file start.tsv (TSV, C-alpha atoms and all ligand atoms)
chain	number	residue	atom	x	y	z
A	5	MET	CA	-111.74	-18.09	114.76
A	6	THR	CA	-114.95	-16.27	115.72
A	7	MET	CA	-116.32	-12.72	115.65
A	8	ASP	CA	-115.34	-12.59	119.35
A	9	ASP	CA	-111.64	-12.68	118.53
A	10	PRO	CA	-109.93	-9.51	119.73
A	11	VAL	CA	-109.55	-6.79	117.12
A	12	PRO	CA	-105.85	-6.66	116.22
A	13	THR	CA	-104.15	-3.72	117.85
A	14	THR	CA	-101.27	-3.33	115.42
A	15	GLU	CA	-102.04	-1.46	112.19
A	16	ARG	CA	-101.64	-3.53	109.05
A	17	LYS	CA	-98.78	-1.89	107.23
A	18	ARG	CA	-98.94	-1.62	103.46
A	19	ARG	CA	-96.24	-3.67	101.80
A	20	PRO	CA	-93.62	-1.30	100.39
A	21	ARG	CA	-93.66	-1.04	96.62
A	22	TYR	CA	-90.69	-1.97	94.54
A	23	SER	CA	-89.36	1.36	93.35
A	24	GLY	CA	-86.49	0.10	91.18
A	25	THR	CA	-85.11	3.06	89.30
A	26	HIS	CA	-88.30	5.14	89.41
A	27	PRO	CA	-90.70	2.71	87.70
A	28	HIS	CA	-93.72	4.33	86.11
A	29	ARG	CA	-95.56	1.27	84.91
A	30	PHE	CA	-97.73	-0.94	87.13
A	31	GLY	CA	-95.91	-4.05	85.88
A	32	GLU	CA	-92.62	-2.71	87.24
A	33	LYS	CA	-93.90	-1.55	90.61
A	34	TYR	CA	-94.30	-4.93	92.27
A	35	LYS	CA	-91.64	-7.65	92.09
A	36	GLU	CA	-94.33	-10.34	92.04
A	37	LEU	CA	-95.48	-9.11	88.61
A	38	GLN	CA	-92.09	-10.22	87.27
A	39	PRO	CA	-91.86	-13.77	88.71
A	40	GLU	CA	-89.33	-14.76	86.06
A	41	ARG	CA	-86.92	-12.13	87.49
A	42	TYR	CA	-87.86	-12.82	91.11
A	43	PRO	CA	-88.56	-16.57	91.49
A	44	GLY	CA	-90.43	-17.48	94.69
A	45	ILE	CA	-91.61	-13.89	95.28
A	46	VAL	CA	-95.36	-14.68	95.10
A	47	GLU	CA	-95.01	-17.36	97.79
A	48	HIS	CA	-92.84	-15.04	99.87
A	49	VAL	CA	-95.43	-12.21	99.82
A	50	ARG	CA	-98.16	-14.69	100.82
A	51	GLN	CA	-96.04	-16.00	103.70
A	52	GLN	CA	-95.67	-12.41	104.92
A	53	GLY	CA	-99.48	-12.11	105.09
A	54	GLY	CA	-99.76	-9.92	101.96
A	55	THR	CA	-101.76	-10.26	98.75
A	56	PRO	CA	-99.36	-10.45	95.81
A	57	ALA	CA	-100.26	-7.78	93.22
A	58	GLY	CA	-102.13	-9.28	90.30
A	59	THR	CA	-103.51	-12.19	92.35
A	60	HIS	CA	-106.80	-12.72	94.18
A	61	VAL	CA	-107.29	-14.25	97.63
A	62	PRO	CA	-110.75	-15.86	97.87
A	63	ILE	CA	-112.98	-14.62	100.68
A	64	LEU	CA	-114.77	-16.64	103.41
A	65	VAL	CA	-113.79	-19.96	101.78
A	66	ALA	CA	-114.64	-22.17	104.80
A	67	GLU	CA	-117.97	-20.38	105.25
A	68	VAL	CA	-118.81	-20.72	101.53
A	69	LEU	CA	-118.04	-24.46	101.66
A	70	ALA	CA	-120.13	-24.91	104.82
A	71	ALA	CA	-123.17	-23.21	103.24
A	72	LEU	CA	-122.77	-24.66	99.74
A	73	ASP	CA	-122.05	-28.15	101.14
A	74	PRO	CA	-120.74	-29.60	97.84
A	75	LYS	CA	-120.72	-33.40	97.67
A	76	PRO	CA	-119.23	-36.01	95.30
A	77	GLY	CA	-121.17	-36.28	92.04
A	78	GLU	CA	-122.87	-32.86	92.35
A	79	VAL	CA	-123.05	-30.14	89.72
A	80	VAL	CA	-122.12	-26.68	91.03
A	81	LEU	CA	-122.43	-23.38	89.18
A	82	ASP	CA	-119.85	-20.70	90.04
A	83	CYS	CA	-121.34	-17.51	88.56
A	84	THR	CA	-118.20	-15.45	89.23
A	85	LEU	CA	-115.25	-17.73	88.55
A	86	GLY	CA	-112.61	-14.96	88.85
A	87	ALA	CA	-109.21	-16.48	89.65
A	88	GLY	CA	-110.88	-19.78	90.50
A	89	GLY	CA	-110.13	-19.55	94.23
A	90	HIS	CA	-113.55	-20.75	95.39
A	91	ALA	CA	-113.77	-23.15	92.44
A	92	SER	CA	-110.46	-24.77	93.48
A	93	ALA	CA	-111.91	-25.40	96.94
A	94	ILE	CA	-115.22	-26.75	95.56
A	95	LEU	CA	-113.83	-29.07	92.86
A	96	PRO	CA	-112.16	-31.64	95.16
A	97	LYS	CA	-115.44	-31.87	97.13
A	98	ILE	CA	-117.60	-32.75	94.10
A	99	LEU	CA	-115.18	-35.34	92.68
A	100	PRO	CA	-115.50	-38.06	91.68
A	101	GLY	CA	-118.37	-37.70	89.28
A	102	GLY	CA	-119.20	-34.03	89.86
A	103	ARG	CA	-118.89	-31.05	87.53
A	104	LEU	CA	-118.23	-27.35	88.01
A	105	VAL	CA	-119.84	-24.93	85.58
A	106	GLY	CA	-118.02	-21.59	85.68
A	107	ILE	CA	-119.14	-18.20	84.39
A	108	ASP	CA	-117.14	-14.99	84.07
A	109	ARG	CA	-117.83	-12.08	81.76
A	110	ASP	CA	-114.13	-11.12	81.78
A	111	VAL	CA	-112.91	-13.31	78.93
A	112	ALA	CA	-109.20	-12.70	79.58
A	113	GLU	CA	-109.52	-13.69	83.26
A	114	LEU	CA	-111.64	-16.70	82.33
A	115	GLU	CA	-108.94	-18.00	79.98
A	116	ARG	CA	-106.19	-17.49	82.58
A	117	THR	CA	-108.29	-19.40	85.11
A	118	ARG	CA	-109.01	-22.16	82.59
A	119	ALA	CA	-105.23	-22.70	82.41
A	120	ARG	CA	-104.91	-22.57	86.21
A	121	LEU	CA	-107.65	-25.21	86.62
A	122	GLU	CA	-106.18	-27.47	83.91
A	123	PRO	CA	-105.82	-30.46	86.30
A	124	PHE	CA	-109.64	-30.41	86.63
A	125	ALA	CA	-110.32	-29.82	82.91
A	126	GLU	CA	-112.52	-32.89	82.52
A	127	SER	CA	-114.83	-31.76	85.31
A	128	LEU	CA	-115.07	-28.13	84.18
A	129	SER	CA	-117.32	-26.29	81.77
A	130	LEU	CA	-116.70	-22.55	81.32
A	131	HIS	CA	-118.90	-19.80	79.86
A	132	PRO	CA	-117.64	-16.28	78.98
A	133	VAL	CA	-120.94	-14.44	79.59
A	134	SER	CA	-122.69	-12.36	82.23
A	135	PHE	CA	-124.53	-14.39	84.83
A	136	ALA	CA	-127.54	-12.29	83.86
A	137	TRP	CA	-127.83	-15.07	81.21
A	138	VAL	CA	-127.76	-17.82	83.81
A	139	GLU	CA	-130.89	-19.48	82.42
A	140	SER	CA	-129.30	-19.88	78.97
A	141	VAL	CA	-126.17	-21.35	80.57
A	142	ALA	CA	-128.35	-23.74	82.58
A	143	ALA	CA	-130.17	-24.81	79.42
A	144	GLU	CA	-126.81	-25.77	77.87
A	145	GLU	CA	-125.68	-27.56	81.03
A	146	GLY	CA	-128.55	-29.92	81.72
A	147	GLY	CA	-131.02	-27.47	83.26
A	148	SER	CA	-130.27	-27.49	87.00
A	149	PHE	CA	-127.59	-27.38	89.70
A	150	ASP	CA	-127.03	-28.72	93.20
A	151	GLY	CA	-125.24	-25.54	94.20
A	152	ILE	CA	-124.93	-21.96	92.94
A	153	LEU	CA	-122.25	-19.51	94.11
A	154	ALA	CA	-121.86	-15.81	93.29
A	155	ASP	CA	-118.97	-13.77	94.74
A	156	LEU	CA	-120.01	-10.34	93.46
A	157	GLY	CA	-118.01	-7.40	92.19
A	158	VAL	CA	-114.50	-7.33	90.76
A	159	SER	CA	-111.38	-9.36	91.54
A	160	SER	CA	-108.09	-8.04	92.89
A	161	MET	CA	-106.51	-8.63	89.48
A	162	GLN	CA	-109.06	-6.33	87.85
A	163	LEU	CA	-108.77	-3.70	90.62
A	164	ASP	CA	-104.97	-3.74	90.67
A	165	ASP	CA	-104.47	-3.26	86.93
A	166	PRO	CA	-104.68	0.49	86.12
A	167	GLU	CA	-105.35	-0.26	82.45
A	168	ARG	CA	-108.78	-1.60	83.48
A	169	GLY	CA	-109.78	1.78	84.95
A	170	PHE	CA	-111.13	0.42	88.26
A	171	SER	CA	-108.30	1.90	90.33
A	172	TYR	CA	-108.44	5.32	91.98
A	173	LYS	CA	-104.84	4.85	93.10
A	174	GLU	CA	-103.15	4.71	89.70
A	175	ASP	CA	-103.79	6.61	86.49
A	176	GLY	CA	-105.44	4.74	83.64
A	177	PRO	CA	-108.18	5.02	81.02
A	178	LEU	CA	-111.69	5.48	82.49
A	179	ASP	CA	-112.94	2.10	81.30
A	180	MET	CA	-114.32	-0.03	84.22
A	181	ARG	CA	-115.97	-2.64	81.97
A	182	MET	CA	-115.55	-6.21	83.18
A	183	ASP	CA	-116.22	-7.37	79.61
A	184	ARG	CA	-114.07	-5.16	77.42
A	185	SER	CA	-115.62	-6.43	74.21
A	186	THR	CA	-118.91	-4.61	74.63
A	187	GLY	CA	-120.86	-1.82	76.35
A	188	ARG	CA	-120.29	1.74	77.48
A	189	THR	CA	-117.09	2.67	79.29
A	190	ALA	CA	-117.08	4.84	82.42
A	191	GLN	CA	-115.78	7.67	80.22
A	192	HIS	CA	-118.86	7.46	78.00
A	193	LEU	CA	-121.23	7.14	80.93
A	194	LEU	CA	-119.71	10.15	82.70
A	195	ALA	CA	-119.93	12.24	79.53
A	196	SER	CA	-123.72	12.11	79.49
A	197	ILE	CA	-125.19	11.16	82.90
A	198	SER	CA	-127.23	13.95	84.53
A	199	GLU	CA	-126.11	15.49	87.81
A	200	GLU	CA	-129.29	14.26	89.47
A	201	ALA	CA	-128.91	10.64	88.26
A	202	LEU	CA	-125.26	10.64	89.31
A	203	ALA	CA	-126.08	11.91	92.80
A	204	GLY	CA	-128.78	9.23	93.12
A	205	ALA	CA	-126.37	6.48	92.05
A	206	LEU	CA	-123.69	7.67	94.47
A	207	THR	CA	-126.17	7.40	97.34
A	208	GLU	CA	-127.87	4.19	96.31
A	209	LEU	CA	-124.88	2.20	95.07
A	210	ALA	CA	-122.14	3.40	97.39
A	211	ASP	CA	-123.68	5.21	100.41
A	212	GLU	CA	-121.64	8.31	99.43
A	213	PRO	CA	-122.39	10.89	102.17
A	214	ASP	CA	-121.47	13.87	99.92
A	215	ALA	CA	-123.37	12.59	96.87
A	216	ALA	CA	-124.81	15.96	95.75
A	217	LYS	CA	-121.49	17.79	96.14
A	218	VAL	CA	-119.52	15.05	94.35
A	219	ALA	CA	-122.02	14.88	91.46
A	220	LYS	CA	-121.87	18.67	91.07
A	221	ALA	CA	-118.05	18.64	91.04
A	222	ILE	CA	-117.95	15.86	88.42
A	223	VAL	CA	-120.46	17.61	86.14
A	224	GLY	CA	-118.53	20.89	86.60
A	225	ALA	CA	-115.20	19.22	85.78
A	226	ARG	CA	-116.53	17.56	82.62
A	227	ALA	CA	-117.89	20.90	81.39
A	228	ARG	CA	-114.34	22.27	81.49
A	229	LYS	CA	-112.64	19.16	80.01
A	230	PRO	CA	-113.89	15.64	79.15
A	231	LEU	CA	-113.04	13.11	81.88
A	232	GLN	CA	-110.85	10.52	80.17
A	233	ARG	CA	-108.49	9.21	82.83
A	234	THR	CA	-109.07	7.78	86.29
A	235	LEU	CA	-107.09	10.65	87.81
A	236	ASP	CA	-109.42	13.18	86.09
A	237	LEU	CA	-112.26	11.60	88.06
A	238	VAL	CA	-110.21	11.37	91.27
A	239	ARG	CA	-109.34	15.08	91.03
A	240	ALA	CA	-113.02	16.03	90.58
A	241	VAL	CA	-114.08	13.97	93.63
A	242	LEU	CA	-111.20	15.31	95.73
A	243	SER	CA	-112.20	18.89	94.87
A	244	ALA	CA	-115.72	18.19	96.22
A	245	LYS	CA	-114.13	17.00	99.47
A	246	GLY	CA	-111.79	19.99	99.82
A	247	TYR	CA	-108.57	18.36	98.58
A	248	THR	CA	-106.25	18.50	95.60
A	249	LEU	CA	-104.28	15.46	94.52
A	250	ALA	CA	-101.22	16.94	96.28
A	251	THR	CA	-102.98	17.74	99.58
A	252	TRP	CA	-104.60	14.29	99.68
A	253	LYS	CA	-101.24	12.61	99.02
A	254	ALA	CA	-99.68	14.68	101.81
A	255	ARG	CA	-102.43	13.55	104.15
A	256	VAL	CA	-101.79	9.90	103.30
A	257	LYS	CA	-98.07	10.45	103.90
A	258	GLU	CA	-98.94	11.84	107.34
A	259	GLY	CA	-100.64	8.53	108.13
A	260	ASP	CA	-104.31	8.91	107.06
A	261	THR	CA	-105.26	5.27	106.42
A	262	GLY	CA	-109.00	5.93	106.02
A	263	LEU	CA	-111.09	5.13	102.94
A	264	HIS	CA	-109.91	6.97	99.83
A	265	PRO	CA	-112.32	9.89	99.15
A	266	ALA	CA	-112.94	8.57	95.61
A	267	ALA	CA	-113.53	4.91	96.61
A	268	ARG	CA	-117.32	5.19	96.86
A	269	THR	CA	-117.60	7.13	93.59
A	270	PHE	CA	-115.53	4.52	91.73
A	271	GLN	CA	-117.70	1.75	93.18
A	272	ALA	CA	-120.98	3.42	92.15
A	273	ILE	CA	-119.78	4.13	88.62
A	274	ARG	CA	-118.40	0.57	88.21
A	275	ILE	CA	-121.78	-0.85	89.26
A	276	LEU	CA	-123.57	1.40	86.73
A	277	VAL	CA	-121.14	0.65	83.89
A	278	ASN	CA	-121.53	-3.11	84.37
A	279	GLY	CA	-125.27	-3.17	85.13
A	280	GLU	CA	-124.38	-5.15	88.25
A	281	LEU	CA	-127.69	-4.83	90.11
A	282	ASP	CA	-129.70	-5.89	87.08
A	283	ALA	CA	-127.56	-9.03	86.70
A	284	LEU	CA	-127.97	-9.80	90.40
A	285	ASP	CA	-131.76	-9.38	90.21
A	286	ARG	CA	-131.91	-11.78	87.28
A	287	LEU	CA	-129.82	-14.38	89.12
A	288	LEU	CA	-131.94	-14.07	92.29
A	289	ASP	CA	-135.12	-14.43	90.24
A	290	ALA	CA	-133.89	-17.49	88.31
A	291	ALA	CA	-132.19	-19.36	91.18
A	292	PRO	CA	-135.26	-21.23	92.57
A	293	ARG	CA	-136.02	-22.51	89.05
A	294	LEU	CA	-132.43	-23.68	88.53
A	295	LEU	CA	-131.75	-25.41	91.84
A	296	ARG	CA	-132.43	-29.12	92.28
A	297	PRO	CA	-134.35	-30.42	95.32
A	298	GLY	CA	-132.16	-29.74	98.37
A	299	GLY	CA	-129.97	-27.38	96.28
A	300	ARG	CA	-128.13	-24.47	97.90
A	301	ILE	CA	-127.33	-20.93	96.74
A	302	VAL	CA	-124.63	-18.79	98.36
A	303	ILE	CA	-124.06	-15.10	97.59
A	304	LEU	CA	-121.16	-12.95	98.75
A	305	SER	CA	-122.02	-9.26	98.44
A	306	PHE	CA	-119.93	-6.19	99.17
A	307	HIS	CA	-122.26	-3.24	99.78
A	308	SER	CA	-125.59	-2.61	101.42
A	309	GLY	CA	-127.51	-2.17	98.12
A	310	GLU	CA	-126.53	-5.68	96.98
A	311	ASP	CA	-126.99	-7.28	100.37
A	312	ARG	CA	-130.49	-5.80	100.74
A	313	ARG	CA	-131.54	-7.35	97.42
A	314	VAL	CA	-130.19	-10.77	98.39
A	315	LYS	CA	-131.80	-10.61	101.83
A	316	ILE	CA	-135.22	-9.64	100.43
A	317	ALA	CA	-135.14	-12.24	97.62
A	318	PHE	CA	-134.23	-15.04	100.04
A	319	ARG	CA	-136.78	-13.89	102.66
A	320	ASP	CA	-139.55	-13.68	100.02
A	321	GLY	CA	-138.50	-17.10	98.66
A	322	LEU	CA	-138.79	-18.57	102.15
A	323	ARG	CA	-142.21	-16.99	102.74
A	324	GLY	CA	-143.44	-18.17	99.36
A	325	GLY	CA	-142.26	-21.75	100.01
A	326	LEU	CA	-139.61	-21.69	97.25
A	327	TYR	CA	-136.83	-22.07	99.81
A	328	GLU	CA	-136.90	-24.34	102.84
A	329	ALA	CA	-134.32	-22.38	104.87
A	330	VAL	CA	-132.30	-19.16	104.53
A	331	SER	CA	-129.51	-17.54	106.56
A	332	GLU	CA	-130.98	-15.39	109.33
A	333	GLU	CA	-128.03	-13.01	109.58
A	334	SER	CA	-125.30	-12.33	107.05
A	335	VAL	CA	-122.02	-14.12	107.78
A	336	ARG	CA	-119.06	-11.68	108.05
A	337	SER	CA	-115.30	-12.10	107.93
A	338	THR	CA	-113.45	-12.42	111.24
A	339	PRO	CA	-111.05	-9.60	112.25
A	340	THR	CA	-108.15	-12.03	111.84
A	341	ALA	CA	-109.16	-13.01	108.31
A	342	THR	CA	-109.77	-9.36	107.41
A	343	ARG	CA	-106.29	-8.43	108.60
A	344	SER	CA	-104.66	-10.77	106.08
A	345	ASN	CA	-107.20	-9.94	103.33
A	346	PRO	CA	-108.59	-6.39	103.78
A	347	ARG	CA	-111.00	-6.83	100.86
A	348	ALA	CA	-112.96	-9.24	103.10
A	349	ALA	CA	-113.92	-6.38	105.43
A	350	SER	CA	-117.14	-5.49	103.62
A	351	ALA	CA	-118.08	-9.04	102.53
A	352	ARG	CA	-121.48	-10.40	103.60
A	353	LEU	CA	-122.45	-14.01	102.91
A	354	ARG	CA	-126.09	-15.14	102.66
A	355	TRP	CA	-127.43	-18.56	101.70
A	356	ALA	CA	-130.74	-20.26	100.89
A	357	ARG	CA	-131.71	-23.93	100.57
A	358	MET	CA	-134.43	-25.61	98.51
A	359	PRO	CA	-136.77	-28.20	100.02
A	360	ALA	CA	-135.40	-31.74	99.57
B	401	LIG	C1	-114.82	-11.14	93.29
B	401	LIG	S1	-114.36	-11.88	91.79
B	401	LIG	C2	-114.59	-13.59	92.06
B	401	LIG	C3	-113.41	-14.26	92.63
B	401	LIG	C4	-113.53	-15.77	92.73
B	401	LIG	N1	-114.62	-16.17	93.59
B	401	LIG	C5	-112.23	-16.39	93.19
B	401	LIG	O1	-112.21	-17.02	94.25
B	401	LIG	O2	-111.22	-16.23	92.51
B	401	LIG	C6	-115.70	-11.51	90.77
B	401	LIG	C7	-115.54	-12.04	89.35
B	401	LIG	O3	-116.85	-12.12	88.81
B	401	LIG	C8	-116.89	-11.55	87.54
B	401	LIG	N2	-118.23	-10.98	87.39
B	401	LIG	C9	-118.78	-9.97	88.09
B	401	LIG	N3	-120.05	-9.75	87.69
B	401	LIG	C10	-120.31	-10.68	86.74
B	401	LIG	C11	-121.44	-10.99	85.94
B	401	LIG	N4	-122.58	-10.29	86.02
B	401	LIG	N5	-121.35	-12.03	85.09
B	401	LIG	C12	-120.21	-12.76	84.98
B	401	LIG	N6	-119.09	-12.49	85.68
B	401	LIG	C13	-119.15	-11.48	86.55
B	401	LIG	C14	-115.78	-10.53	87.50
B	401	LIG	O4	-115.31	-10.36	86.18
B	401	LIG	C15	-114.74	-11.16	88.43
B	401	LIG	O5	-113.82	-11.94	87.71
call {"tool": "encode", "arguments": {"input": "start.tsv", "output": "C-alpha cells"}}
result
Amino acid sequence: MTMDDPVPTTERKRRPRYSGTHPHRFGEKYKELQPERYPGIVEHVRQQGGTPAGTHVPILVAEVLAALDPKPGEVVLDCTLGAGGHASAILPKILPGGRLVGIDRDVAELERTRARLEPFAESLSLHPVSFAWVESVAAEEGGSFDGILADLGVSSMQLDDPERGFSYKEDGPLDMRMDRSTGRTAQHLLASISEEALAGALTELADEPDAAKVAKAIVGARARKPLQRTLDLVRAVLSAKGYTLATWKARVKEGDTGLHPAARTFQAIRILVNGELDALDRLLDAAPRLLRPGGRIVILSFHSGEDRRVKIAFRDGLRGGLYEAVSEESVRSTPTATRSNPRAASARLRWARMPA
C-alpha cells in the first residue's frame, strides 16, 4: 500500500460498547476485557478491523523493520517496549544469536510483556526505567547496540484504562504518570502551574489553538475547586470552548466525529507530567555514542514538537559526520493502515544510520 491509495470513503464506525445491564466500570464495558466469559472475543474484534480494548496494535511495523534492518546475531534496544508488538517483530529477525534489550518505565506493563514474550526469554533483557537513563542501561548491557527503536508516548492499554488518568473519555483520577511509583501526578501539576506556563505548554506540546482561553479556564476552575478527576479537567476545557459536558455529548450523538476538545490539553499535560521531551533529548544526544558502526536508530513520534526535535538532531548528526545517512522526509501511515488503527494517523517515523 502507498500514500497514493484512495482515502476510504466510508466512515470508520466506532465498535459498539457492551452495555450489559448498565455497566459503570471500564472492565465491564468491553467483552474483550473478560476473555474468560467471552472466549475468542479478542480475535473476533481483530478480525472485524477493531482494536480490542486493553490491547495495543503496533504502528508502522513493516516500515520500522525496513529502517531498523535487524539481522541475526544483532543486539537491538527497544526503548519503549509497551505491549511488545514491535519487539515481537524484531526478535525473530535477530535470532539466532541476537538479543533484545527492552526498556519501559511502566513496571506493570513491562511485567505483562515479559510474560507475553516468554518464548524469547533467553534472548531478552528488560529494564524498568525511563529511557532518559539509556546510557546506564547500555553500560549494563555491553555498551552498544546495532539498532535502537523508540515508539514515543503512551500505549493503548494505558490510554484505555481510566484509572491511569490519561483518558478524557472516561472519569478517573488525574494521574497520567507512566511510572506510578514516583513523580508528580497531573493533579499536583495542575494545582500549582501558572496560567502563563500552562498556556505555553498547550501551544508548544499540543498545538492547542485556544491555549490562552483553555489555560484561563483551567486556572479559574481550580480556584473554585481542586481538579482531582479527569472529568474536572474535561469540564474546564469544554467551558473554554463553549460547551458543557452535556452539550458536547449531544454533539457527539449528532455525529461530530472530530477531535475531542480536551484531547490536546490531555496530551500537553501528559508530556509535562512525564518529562517526555527531556527524555527524548537525552536519548537523541546519547544515540550516536551508543550505536555500533553501521547501527540504525528509528524514532516514531506523534506530535510536531517531538518530530521537530528528532529531525533537528538527525540533521545536525548528519552535518557533523556522526551519522552517515538520515531519512529525508518522515514516513507516515497509509490511509488503509490508519483506518484499521486510528492511532497511526499522527505517527511520523524518522531514522538515522551510523557510518559502517
Ligand atoms: C506507544 S507505546 C509502545 C508500544 C510498543 N512499541 C508496542 O509495539 O507494543 C509507548 C510505551 O513506552 C513507554 N514509555 C514512554 N516514554 C518512556 C520513557 N521515557 N522511558 C521508558 N518508557 C517509556 C510507555 O510506558 C509505553 O508503554
call {"tool": "closest_residue", "arguments": {"input": "start.tsv", "among": "A:Ser127, A:Thr342, A:Ser160, A:Thr59", "to": "A:Pro100", "atoms": "only C-alpha atoms"}}
result
A:Ser127
call {"tool": "residues_around", "arguments": {"input": "start.tsv", "residues": "A:Val111", "least_positions_apart": "3", "cutoff": "8 Å", "atoms": "all atoms listed in the file", "output": "PyMOL selection string"}}
result
chain A and resi 108+114-115+132+183
call {"tool": "closest_residue", "arguments": {"input": "start.tsv", "among": "A:Leu153, A:Met180, A:Ala244, A:Val105", "to": "A:Ala125", "atoms": "all atoms listed in the file"}}
result
A:Val105
call {"tool": "atom_distance", "arguments": {"input": "start.tsv", "atom1": "atom CA of A:Leu294", "atom2": "atom CA of A:Phe149"}}
result
6.2 Å
call {"tool": "closest_atom_pairs", "arguments": {"input": "start.tsv", "of": "chain A", "to": "ligand LIG 401 (chain B)", "cutoff": "9 Å", "atoms": "only C-alpha atoms and all ligand atoms", "output": "JSON lines"}}
result
{"residue": "A:Thr59", "atom": "CA", "partner": "B:LIG401", "partner_atom": "O2", "distance": 8.7}
{"residue": "A:His60", "atom": "CA", "partner": "B:LIG401", "partner_atom": "O2", "distance": 5.9}
{"residue": "A:Val61", "atom": "CA", "partner": "B:LIG401", "partner_atom": "O1", "distance": 6.6}
{"residue": "A:Pro62", "atom": "CA", "partner": "B:LIG401", "partner_atom": "O1", "distance": 4.1}
{"residue": "A:Ile63", "atom": "CA", "partner": "B:LIG401", "partner_atom": "O1", "distance": 6.9}
{"residue": "A:Val65", "atom": "CA", "partner": "B:LIG401", "partner_atom": "O1", "distance": 8.2}
{"residue": "A:Asp82", "atom": "CA", "partner": "B:LIG401", "partner_atom": "N1", "distance": 7.8}
{"residue": "A:Cys83", "atom": "CA", "partner": "B:LIG401", "partner_atom": "C12", "distance": 6.1}
{"residue": "A:Thr84", "atom": "CA", "partner": "B:LIG401", "partner_atom": "O3", "distance": 3.6}
{"residue": "A:Leu85", "atom": "CA", "partner": "B:LIG401", "partner_atom": "C4", "distance": 4.9}
{"residue": "A:Gly86", "atom": "CA", "partner": "B:LIG401", "partner_atom": "O5", "distance": 3.4}
{"residue": "A:Ala87", "atom": "CA", "partner": "B:LIG401", "partner_atom": "O2", "distance": 3.5}
{"residue": "A:Gly88", "atom": "CA", "partner": "B:LIG401", "partner_atom": "O2", "distance": 4.1}
{"residue": "A:Gly89", "atom": "CA", "partner": "B:LIG401", "partner_atom": "O1", "distance": 3.3}
{"residue": "A:His90", "atom": "CA", "partner": "B:LIG401", "partner_atom": "O1", "distance": 4.1}
{"residue": "A:Ala91", "atom": "CA", "partner": "B:LIG401", "partner_atom": "O1", "distance": 6.6}
{"residue": "A:Ser92", "atom": "CA", "partner": "B:LIG401", "partner_atom": "O1", "distance": 8.0}
{"residue": "A:Ala93", "atom": "CA", "partner": "B:LIG401", "partner_atom": "O1", "distance": 8.8}
{"residue": "A:Ile107", "atom": "CA", "partner": "B:LIG401", "partner_atom": "C12", "distance": 5.6}
{"residue": "A:Asp108", "atom": "CA", "partner": "B:LIG401", "partner_atom": "N6", "distance": 3.6}
{"residue": "A:Arg109", "atom": "CA", "partner": "B:LIG401", "partner_atom": "C12", "distance": 4.1}
{"residue": "A:Asp110", "atom": "CA", "partner": "B:LIG401", "partner_atom": "O4", "distance": 4.6}
{"residue": "A:Val111", "atom": "CA", "partner": "B:LIG401", "partner_atom": "O4", "distance": 8.2}
{"residue": "A:Glu113", "atom": "CA", "partner": "B:LIG401", "partner_atom": "O5", "distance": 6.4}
{"residue": "A:Leu114", "atom": "CA", "partner": "B:LIG401", "partner_atom": "O5", "distance": 7.5}
{"residue": "A:Thr117", "atom": "CA", "partner": "B:LIG401", "partner_atom": "O2", "distance": 8.6}
{"residue": "A:His131", "atom": "CA", "partner": "B:LIG401", "partner_atom": "C12", "distance": 8.8}
{"residue": "A:Pro132", "atom": "CA", "partner": "B:LIG401", "partner_atom": "C12", "distance": 7.4}
{"residue": "A:Val133", "atom": "CA", "partner": "B:LIG401", "partner_atom": "C12", "distance": 5.7}
{"residue": "A:Ser134", "atom": "CA", "partner": "B:LIG401", "partner_atom": "N5", "distance": 3.2}
{"residue": "A:Phe135", "atom": "CA", "partner": "B:LIG401", "partner_atom": "N5", "distance": 4.0}
{"residue": "A:Ala136", "atom": "CA", "partner": "B:LIG401", "partner_atom": "N4", "distance": 5.8}
{"residue": "A:Trp137", "atom": "CA", "partner": "B:LIG401", "partner_atom": "N5", "distance": 8.1}
{"residue": "A:Val138", "atom": "CA", "partner": "B:LIG401", "partner_atom": "N5", "distance": 8.7}
{"residue": "A:Leu153", "atom": "CA", "partner": "B:LIG401", "partner_atom": "N1", "distance": 8.3}
{"residue": "A:Ala154", "atom": "CA", "partner": "B:LIG401", "partner_atom": "N1", "distance": 7.3}
{"residue": "A:Asp155", "atom": "CA", "partner": "B:LIG401", "partner_atom": "N1", "distance": 5.1}
{"residue": "A:Leu156", "atom": "CA", "partner": "B:LIG401", "partner_atom": "C6", "distance": 5.2}
{"residue": "A:Gly157", "atom": "CA", "partner": "B:LIG401", "partner_atom": "C9", "distance": 4.9}
{"residue": "A:Val158", "atom": "CA", "partner": "B:LIG401", "partner_atom": "C6", "distance": 4.3}
{"residue": "A:Ser159", "atom": "CA", "partner": "B:LIG401", "partner_atom": "S1", "distance": 3.9}
{"residue": "A:Ser160", "atom": "CA", "partner": "B:LIG401", "partner_atom": "C1", "distance": 7.4}
{"residue": "A:Met161", "atom": "CA", "partner": "B:LIG401", "partner_atom": "O5", "distance": 8.2}
{"residue": "A:Gln162", "atom": "CA", "partner": "B:LIG401", "partner_atom": "O5", "distance": 7.4}
{"residue": "A:Arg181", "atom": "CA", "partner": "B:LIG401", "partner_atom": "O4", "distance": 8.8}
{"residue": "A:Met182", "atom": "CA", "partner": "B:LIG401", "partner_atom": "O4", "distance": 5.1}
{"residue": "A:Asp183", "atom": "CA", "partner": "B:LIG401", "partner_atom": "O4", "distance": 7.3}
{"residue": "A:Asn278", "atom": "CA", "partner": "B:LIG401", "partner_atom": "N4", "distance": 7.4}
{"residue": "A:Gly279", "atom": "CA", "partner": "B:LIG401", "partner_atom": "N4", "distance": 7.7}
{"residue": "A:Glu280", "atom": "CA", "partner": "B:LIG401", "partner_atom": "N4", "distance": 5.9}
{"residue": "A:Leu281", "atom": "CA", "partner": "B:LIG401", "partner_atom": "N4", "distance": 8.5}
{"residue": "A:Asp282", "atom": "CA", "partner": "B:LIG401", "partner_atom": "N4", "distance": 8.4}
{"residue": "A:Ala283", "atom": "CA", "partner": "B:LIG401", "partner_atom": "N4", "distance": 5.2}
{"residue": "A:Leu284", "atom": "CA", "partner": "B:LIG401", "partner_atom": "N4", "distance": 7.0}
{"residue": "A:Leu287", "atom": "CA", "partner": "B:LIG401", "partner_atom": "N4", "distance": 8.9}
{"residue": "A:Leu304", "atom": "CA", "partner": "B:LIG401", "partner_atom": "C1", "distance": 8.6}
call {"tool": "atom_distance", "arguments": {"input": "start.tsv", "atom1": "atom CA of A:Val80", "atom2": "atom CA of A:Leu163"}}
result
26.6 Å
call {"tool": "closest_residue", "arguments": {"input": "start.tsv", "among": "A:Pro230, A:Pro213, A:Gly224, A:Gly298", "to": "A:Met358", "atoms": "all atoms listed in the file"}}
result
A:Gly298
